[in-house]
$ cat work30.txt   # compact mmCIF, C-alpha atoms
# COMPACT_ATOMS: atom_id res chain seq x y z
CA MET A 140 -28.19 41.44 -121.76
CA PRO A 141 -29.84 44.82 -122.04
CA ALA A 142 -28.77 47.61 -119.74
CA ALA A 143 -32.16 47.61 -118.03
CA GLY A 144 -31.61 43.98 -116.99
CA VAL A 145 -28.25 44.82 -115.45
CA VAL A 146 -29.78 47.65 -113.49
CA THR A 147 -32.51 45.33 -112.24
CA ILE A 148 -29.99 42.81 -111.07
CA ILE A 149 -28.01 45.52 -109.30
CA ALA A 150 -31.17 46.82 -107.62
CA VAL A 151 -32.15 43.37 -106.41
CA VAL A 152 -28.65 42.72 -105.11
CA LEU A 153 -28.71 46.02 -103.24
CA ILE A 154 -32.04 45.16 -101.67
CA VAL A 155 -30.81 41.72 -100.65
CA LEU A 156 -27.63 43.18 -99.16
CA ALA A 157 -29.66 45.69 -97.19
CA LEU A 158 -31.90 42.90 -95.95
CA VAL A 159 -28.93 40.76 -94.94
CA TYR A 160 -27.13 43.59 -93.14
CA TYR A 161 -30.08 44.80 -91.13
CA LEU A 162 -31.51 41.37 -90.38
CA VAL A 163 -28.16 40.03 -89.20
CA SER A 164 -27.68 43.11 -87.03
CA THR A 165 -31.15 42.60 -85.61
CA ILE A 166 -30.39 38.96 -84.91
CA VAL A 167 -27.22 39.93 -83.05
CA ALA A 168 -29.13 42.47 -80.99
CA LEU A 169 -31.85 39.93 -80.20
CA ARG A 170 -29.21 37.42 -79.09
CA LYS A 171 -27.79 40.03 -76.71
CA ILE A 172 -31.28 40.59 -75.36
CA THR A 173 -31.77 36.86 -74.90
CA ASP A 174 -28.50 36.56 -72.99
CA GLY A 175 -29.46 39.49 -70.78
CA LEU A 176 -32.89 38.01 -70.10
CA ASP A 177 -31.27 34.71 -69.17
CA GLU A 178 -29.26 36.54 -66.52
CA VAL A 179 -32.41 38.33 -65.36
CA ILE A 180 -34.31 35.08 -65.10
CA ALA A 181 -31.51 33.47 -63.11
CA SER A 182 -31.36 36.40 -60.69
CA VAL A 183 -35.12 36.63 -60.35
CA GLY A 184 -35.24 32.91 -59.69
CA GLY A 185 -32.70 33.43 -56.93
CA ILE A 186 -34.80 36.23 -55.46
CA VAL A 187 -37.90 34.09 -55.51
CA GLU A 188 -36.06 31.15 -53.99
CA LYS A 189 -34.43 33.21 -51.25
CA SER A 190 -37.55 35.16 -50.32
CA ALA A 191 -39.90 32.17 -50.32
CA PRO A 192 -39.54 31.27 -46.62
CA VAL A 193 -39.41 34.87 -45.39
CA ASN A 194 -43.15 35.26 -44.95
CA ASP A 195 -43.58 32.14 -42.87
CA VAL A 196 -40.50 32.83 -40.76
CA VAL A 197 -41.44 36.45 -40.05
CA ASN A 198 -45.02 35.47 -39.24
CA ASP A 199 -43.73 32.80 -36.87
CA ILE A 200 -41.37 35.27 -35.18
CA ASN A 201 -44.12 37.85 -34.83
CA ALA A 202 -46.54 35.25 -33.46
CA ASN A 203 -43.99 34.17 -30.86
CA LEU A 204 -43.26 37.75 -29.90
CA ASP A 205 -46.94 38.59 -29.65
CA ALA A 206 -47.51 35.57 -27.45
CA ALA A 207 -44.57 36.54 -25.25
CA VAL A 208 -45.72 40.13 -24.87
CA GLY A 209 -49.25 38.90 -24.07
CA ALA A 210 -47.92 36.47 -21.47
CA LEU A 211 -45.68 39.08 -19.86
CA GLU A 212 -48.50 41.60 -19.74
CA GLY A 213 -50.77 38.94 -18.26
CA LEU A 214 -48.18 38.15 -15.62
CA LEU A 215 -47.77 41.83 -14.85
CA VAL A 216 -51.53 42.23 -14.45
CA LYS A 217 -51.63 39.14 -12.25
CA LYS A 218 -48.84 40.33 -9.99
CA ALA A 219 -49.48 44.05 -9.86
CA GLY A 220 -53.20 44.17 -10.45
CA MET A 221 -54.87 45.75 -13.44
CA SER A 222 -54.88 49.28 -12.12
CA ASP A 223 -51.30 49.28 -10.89
CA ALA A 224 -50.11 47.47 -13.99
CA VAL A 225 -51.59 50.20 -16.15
CA GLY A 226 -50.09 52.80 -13.85
CA LEU A 227 -46.69 51.13 -13.96
CA VAL A 228 -46.62 50.97 -17.72
CA ASP A 229 -47.93 54.49 -18.04
CA GLY A 230 -45.36 55.65 -15.51
CA LEU A 231 -42.55 54.09 -17.51
CA TYR A 232 -43.92 55.15 -20.86
CA PRO A 233 -46.31 58.09 -20.56
CA GLY A 234 -49.33 57.71 -22.78
CA ALA A 235 -48.97 53.96 -23.08
CA ALA A 236 -52.04 53.41 -20.91
CA ALA A 237 -54.22 54.65 -23.74
CA GLN A 238 -53.06 51.67 -25.80
CA GLY A 239 -53.88 49.27 -22.98
CA PHE A 240 -52.78 45.66 -22.77
CA ARG A 241 -53.32 43.42 -25.74
CA ASP A 242 -55.30 40.73 -23.99
CA PHE A 243 -57.10 43.08 -21.62
CA PRO A 244 -59.30 45.45 -23.60
CA GLU A 245 -60.76 46.85 -20.39
CA SER A 246 -57.32 48.22 -19.53
CA ARG A 247 -57.82 50.97 -22.10
CA GLU A 248 -60.67 52.42 -20.13
CA LEU A 249 -58.75 52.70 -16.86
CA THR A 250 -57.35 55.96 -15.64
CA PRO A 251 -53.73 55.14 -14.89
CA PRO A 252 -52.85 55.89 -11.28
CA ARG A 253 -49.63 57.64 -10.41
CA ILE A 254 -47.52 54.90 -8.97
CA ALA A 255 -45.93 55.99 -5.69
CA GLU A 256 -44.95 52.60 -4.40
CA VAL A 257 -41.58 50.96 -4.59
CA TYR A 258 -41.98 47.87 -6.66
CA THR A 259 -39.52 45.05 -6.68
CA ARG A 260 -36.95 45.04 -9.41
CA GLY A 261 -38.54 41.94 -10.85
CA THR A 262 -41.87 43.67 -11.35
CA LEU A 263 -40.26 46.65 -13.03
CA THR A 264 -38.21 44.35 -15.20
CA LEU A 265 -41.38 42.54 -16.11
CA ALA A 266 -43.02 45.80 -17.06
CA ARG A 267 -40.04 46.76 -19.17
CA LEU A 268 -39.83 43.40 -20.91
CA GLY A 269 -43.30 43.79 -22.29
CA ARG A 270 -42.84 47.33 -23.47
CA GLU A 271 -39.25 48.28 -23.85
CA ALA A 272 -37.90 45.38 -25.82
CA PRO A 273 -36.85 46.61 -29.26
CA ILE A 274 -38.55 43.58 -30.77
CA ALA A 275 -41.92 44.98 -29.74
CA ILE A 276 -41.36 48.05 -31.87
CA THR A 277 -41.87 46.10 -35.06
CA SER A 278 -44.89 44.21 -33.85
CA PRO A 279 -47.56 44.22 -36.52
CA ALA A 280 -50.35 44.42 -33.99
CA GLY A 281 -49.99 48.13 -33.58
CA PRO A 282 -47.66 51.05 -33.21
CA ALA A 283 -44.80 50.90 -30.77
CA LEU A 284 -45.79 51.98 -27.31
CA ARG A 285 -42.28 53.07 -26.50
CA ASP A 286 -40.89 56.27 -27.87
CA ALA A 287 -37.61 54.80 -28.98
CA ALA A 288 -36.11 58.11 -30.03
CA TYR A 289 -36.98 60.05 -26.88
CA GLY A 290 -37.14 57.38 -24.19
CA SER A 291 -35.32 59.44 -21.56
CA ALA A 292 -37.26 62.56 -22.46
CA ALA A 293 -40.47 60.63 -21.98
CA ALA A 294 -39.39 59.65 -18.48
CA ARG A 295 -38.84 63.29 -17.62
CA THR A 296 -42.44 64.07 -18.41
CA LEU A 297 -43.37 62.18 -15.25
CA TYR A 298 -42.69 65.38 -13.35
CA ALA A 299 -45.20 68.13 -13.69
CA GLY A 300 -42.65 70.86 -12.97
CA ASP A 301 -38.90 70.86 -12.97
CA ARG A 302 -37.30 67.59 -12.12
CA PRO A 303 -36.45 67.54 -8.38
CA ALA A 304 -32.96 66.84 -7.22
CA ARG A 305 -34.02 63.67 -5.50
CA SER A 306 -35.95 60.55 -6.26
CA PRO A 307 -39.64 61.11 -5.83
CA VAL A 308 -40.06 58.03 -3.71
CA ILE A 309 -36.84 57.33 -1.86
CA GLY A 310 -34.20 59.46 -0.12
CA THR A 311 -33.71 61.38 3.10
CA ASP A 312 -36.29 63.99 2.11
CA ALA A 313 -38.68 61.58 0.52
CA PRO A 314 -42.32 62.04 1.48
CA VAL A 315 -42.47 58.50 2.78
CA GLN A 316 -39.80 57.55 5.28
CA TYR A 317 -39.19 53.98 6.11
CA GLU A 318 -38.32 52.65 9.51
CA GLU A 319 -34.61 52.37 10.03
CA ARG A 320 -32.91 49.69 12.01
CA GLU A 321 -30.79 50.98 14.84
CA ASP A 322 -28.01 48.47 14.39
CA ILE A 323 -27.21 49.49 10.84
CA GLY A 324 -23.91 51.29 10.63
CA LYS A 325 -22.78 50.22 14.08
CA PRO A 326 -20.26 47.55 15.00
CA ARG A 327 -21.66 44.09 14.84
CA ARG A 328 -22.70 42.77 18.19
CA ARG A 329 -20.55 39.99 19.40
CA PHE A 330 -21.84 37.45 21.82
CA ALA A 331 -19.83 35.94 24.61
CA ARG A 332 -18.05 32.84 23.54
CA LYS A 333 -19.45 29.75 25.10
CA VAL A 334 -17.28 26.79 25.86
CA PHE A 335 -19.00 23.49 25.84
CA THR A 336 -17.50 20.81 27.97
CA SER A 337 -18.48 17.25 27.85
CA MET B 282 -38.21 48.52 -122.42
CA THR B 283 -39.53 51.79 -121.09
CA LEU B 284 -41.64 49.93 -118.53
CA TRP B 285 -38.58 47.97 -117.50
CA TRP B 286 -36.70 51.21 -116.79
CA ILE B 287 -39.67 52.55 -114.87
CA GLY B 288 -39.68 49.34 -112.84
CA ASN B 289 -36.00 49.72 -112.12
CA ALA B 290 -36.54 53.28 -111.02
CA ILE B 291 -39.32 52.25 -108.65
CA LEU B 292 -37.13 49.47 -107.31
CA LEU B 293 -34.15 51.70 -106.62
CA LEU B 294 -35.94 54.89 -105.60
CA GLY B 295 -39.03 53.46 -103.91
CA VAL B 296 -38.63 49.92 -102.66
CA LEU B 297 -34.99 50.05 -101.52
CA PRO B 298 -35.31 53.18 -99.34
CA VAL B 299 -38.50 51.87 -97.76
CA VAL B 300 -36.86 48.51 -96.98
CA ILE B 301 -33.82 50.23 -95.51
CA TYR B 302 -35.96 52.60 -93.45
CA LEU B 303 -38.09 49.81 -92.01
CA LEU B 304 -35.18 47.52 -91.22
CA ALA B 305 -33.21 50.39 -89.69
CA GLY B 306 -36.16 51.11 -87.41
CA VAL B 307 -36.32 47.47 -86.28
CA LEU B 308 -32.57 47.41 -85.64
CA LYS B 309 -32.69 50.68 -83.70
CA ALA B 310 -35.51 49.36 -81.51
CA ALA B 311 -33.69 46.10 -80.86
CA ASN B 312 -30.48 47.90 -79.97
CA SER B 313 -32.31 50.23 -77.60
CA ILE B 314 -33.58 47.22 -75.61
CA VAL B 315 -30.11 45.82 -74.97
CA PRO B 316 -28.92 48.45 -72.42
CA SER B 317 -32.22 48.25 -70.57
CA VAL B 318 -31.99 44.47 -70.31
CA ASN B 319 -28.42 44.74 -69.10
CA GLN B 320 -29.45 47.23 -66.42
CA ILE B 321 -32.31 44.98 -65.34
CA ALA B 322 -29.91 42.04 -65.14
CA THR B 323 -27.52 44.07 -62.97
CA VAL B 324 -30.30 45.20 -60.64
CA ALA B 325 -31.76 41.72 -60.39
CA ALA B 326 -28.34 40.28 -59.55
CA ALA B 327 -27.83 42.94 -56.88
CA GLY B 328 -31.30 42.24 -55.48
CA SER B 329 -30.59 38.55 -55.35
CA LYS B 330 -27.30 39.24 -53.58
CA ASP B 331 -29.07 41.50 -51.07
CA LEU B 332 -31.34 38.61 -50.17
CA ASP B 333 -28.43 36.37 -49.24
CA ALA B 334 -28.95 37.38 -45.61
CA THR B 335 -32.51 36.07 -45.54
CA ALA B 336 -31.15 32.65 -44.65
CA LEU B 337 -30.13 34.20 -41.33
CA LEU B 338 -33.82 34.67 -40.57
CA LEU B 339 -33.92 30.99 -39.73
CA THR B 340 -31.25 31.64 -37.11
CA THR B 341 -33.24 34.62 -35.87
CA GLN B 342 -36.33 32.46 -35.65
CA ASP B 343 -34.46 29.88 -33.61
CA GLN B 344 -32.95 32.55 -31.39
CA VAL B 345 -36.37 34.09 -30.80
CA ARG B 346 -37.76 30.72 -29.78
CA GLN B 347 -34.86 30.14 -27.37
CA THR B 348 -35.21 33.65 -25.98
CA LEU B 349 -38.93 33.20 -25.48
CA ALA B 350 -38.31 29.91 -23.74
CA GLY B 351 -35.97 31.75 -21.38
CA VAL B 352 -38.51 34.51 -20.89
CA ALA B 353 -41.17 31.92 -20.17
CA ASP B 354 -38.93 30.32 -17.55
CA TYR B 355 -38.21 33.74 -16.14
CA GLY B 356 -41.92 34.55 -16.05
CA GLY B 357 -42.65 31.24 -14.37
CA SER B 358 -40.06 31.97 -11.72
CA LEU B 359 -41.48 35.45 -11.23
CA ASP B 360 -44.91 33.93 -10.93
CA VAL B 361 -43.66 31.79 -8.09
CA ILE B 362 -41.51 34.42 -6.38
CA LEU B 363 -43.89 37.38 -6.51
CA ASP B 364 -47.19 37.44 -4.71
CA ASP B 365 -50.30 37.95 -6.73
CA ALA B 366 -52.02 41.28 -6.54
CA GLU B 367 -54.66 41.61 -3.90
CA LYS B 368 -58.23 41.37 -5.13
CA GLU B 369 -59.79 44.79 -5.39

$ encode --input "work30.txt" --output "structure tokens"
Amino acid sequence: MPAAGVVTIIAVVLIVLALVYYLVSTIVALRKITDGLDEVIASVGGIVEKSAPVNDVVNDINANLDAAVGALEGLLVKKAGMSDAVGLVDGLYPGAAAQGFRDFPESRELTPPRIAEVYTRGTLTLARLGREAPIAITSPAGPALRDAAYGSAAARTLYAGDRPARSPVIGTDAPVQYEEREDIGKPRRRFARKVFTS
Amino acid sequence: MTLWWIGNAILLLGVLPVVIYLLAGVLKAANSIVPSVNQIATVAAAGSKDLDATALLLTTQDQVRQTLAGVADYGGSLDVILDDAEKE
């Protein structure tokens, strides 16, 4: 065989070896990629499977919460009246009157009165339930009416000047004094014991 | 014979380097994908694990319904106990 033939064979062998080395390396790399993608697909499938019911559940929760807030606001309006209800809510959460009640668009146009009456605890609780509940903060219908970060500071803004040392509505120096019963604080009256004879 | 040698020279000095260059590029590209795929797999697994708590949303949903039922009862009681506002 001539020398040129040997060189040709050597060249072809070198080319084939280079092809084998690089192609096998590429195949190994592609197999690693395939394995990695299998893991990705499994994880993504898990994400899809786990997040599938989230939308419906969250929508259901929000719908229930919206209905509850609407019902509580409606009850508050029914019991306290529209004007006082707006005043109550605005008194508890200054500025909330501008947002109004969800089911009462006309409430946004009312000027909230300054509430100076003593409401029952139930009415105040009712007012708080509709506005203060943390669940209402994430309602999609609008921004939270309660300033969650500065709730106590918001209450202090009820007073135009410095906060007085007493309650604005109750106390010995309150502007409105209620009638006191004379028997309070005194020994209980005892009636003469009656003996019944047959 | 001279043409044969010229052919050998082209094969060794032209074809072989080009083949090696091209295949090396393909291998380099394939190898560069592997770490990225591994990172994606890690992140996807972590994301899937983070969503394990979403099943608790069903409990939250049930709790919200029970709470709202209680609130509705409470509102009904308040409706009975408290007088309605006077008509303006």

$ closest_residue --input "work30.txt" --among "B:Leu294, B:Leu332, B:Ala326, B:Leu284" --to "Asp177 of chain A" --atoms "all atoms listed in the file"
B:Ala326

$ closest_residue --input "work30.txt" --among "B:Asp365, B:Asp331, B:Ala353, B:Thr340" --to "chain A" --atoms "all atoms listed in the file"
B:Asp365

$ interface_residues --input "work30.txt" --of "chain A" --to "chain B" --cutoff "6 Å" --atoms "all atoms listed in the file" --output "list in words"
Ala143, Thr147, Ala150, Ile154, Tyr161, Thr165, Ala168, Ile172, Gly175, Glu178, Val179, Ser182, Gly185, Ile186, Ile200, Lys217, Lys218, Ala219 and Gly220 of chain A

$ atom_distance --input "work30.txt" --atom1 "atom CA of Phe240 of chain A" --atom2 "atom CA of Gly351 of chain B"
21.9 Å

$ atom_distance --input "work30.txt" --atom1 "atom CA of Glu212 of chain A" --atom2 "atom CA of Gln347 of chain B"
19.4 Å

$ atom_distance --input "work30.txt" --atom1 "atom CA of Thr250 of chain A" --atom2 "atom CA of Val208 of chain A"
21.7 Å

$ residues_near_point --input "work30.txt" --point "(-47.4, 56.6, -15.3)" --cutoff "7 Å" --atoms "all atoms listed in the file" --output "PyMOL selection string"
chain A and resi 226-233+251-254+297

$ write_last_selection --input "work30.txt" --atoms "C-alpha atoms" --output "compact mmCIF listing (two decimals), in the coordinates of the input"
# COMPACT_ATOMS: atom_id res chain seq x y z
CA GLY A 226 -50.09 52.80 -13.85
CA LEU A 227 -46.69 51.13 -13.96
CA VAL A 228 -46.62 50.97 -17.72
CA ASP A 229 -47.93 54.49 -18.04
CA GLY A 230 -45.36 55.65 -15.51
CA LEU A 231 -42.55 54.09 -17.51
CA TYR A 232 -43.92 55.15 -20.86
CA PRO A 233 -46.31 58.09 -20.56
CA PRO A 251 -53.73 55.14 -14.89
CA PRO A 252 -52.85 55.89 -11.28
CA ARG A 253 -49.63 57.64 -10.41
CA ILE A 254 -47.52 54.90 -8.97
CA LEU A 297 -43.37 62.18 -15.25
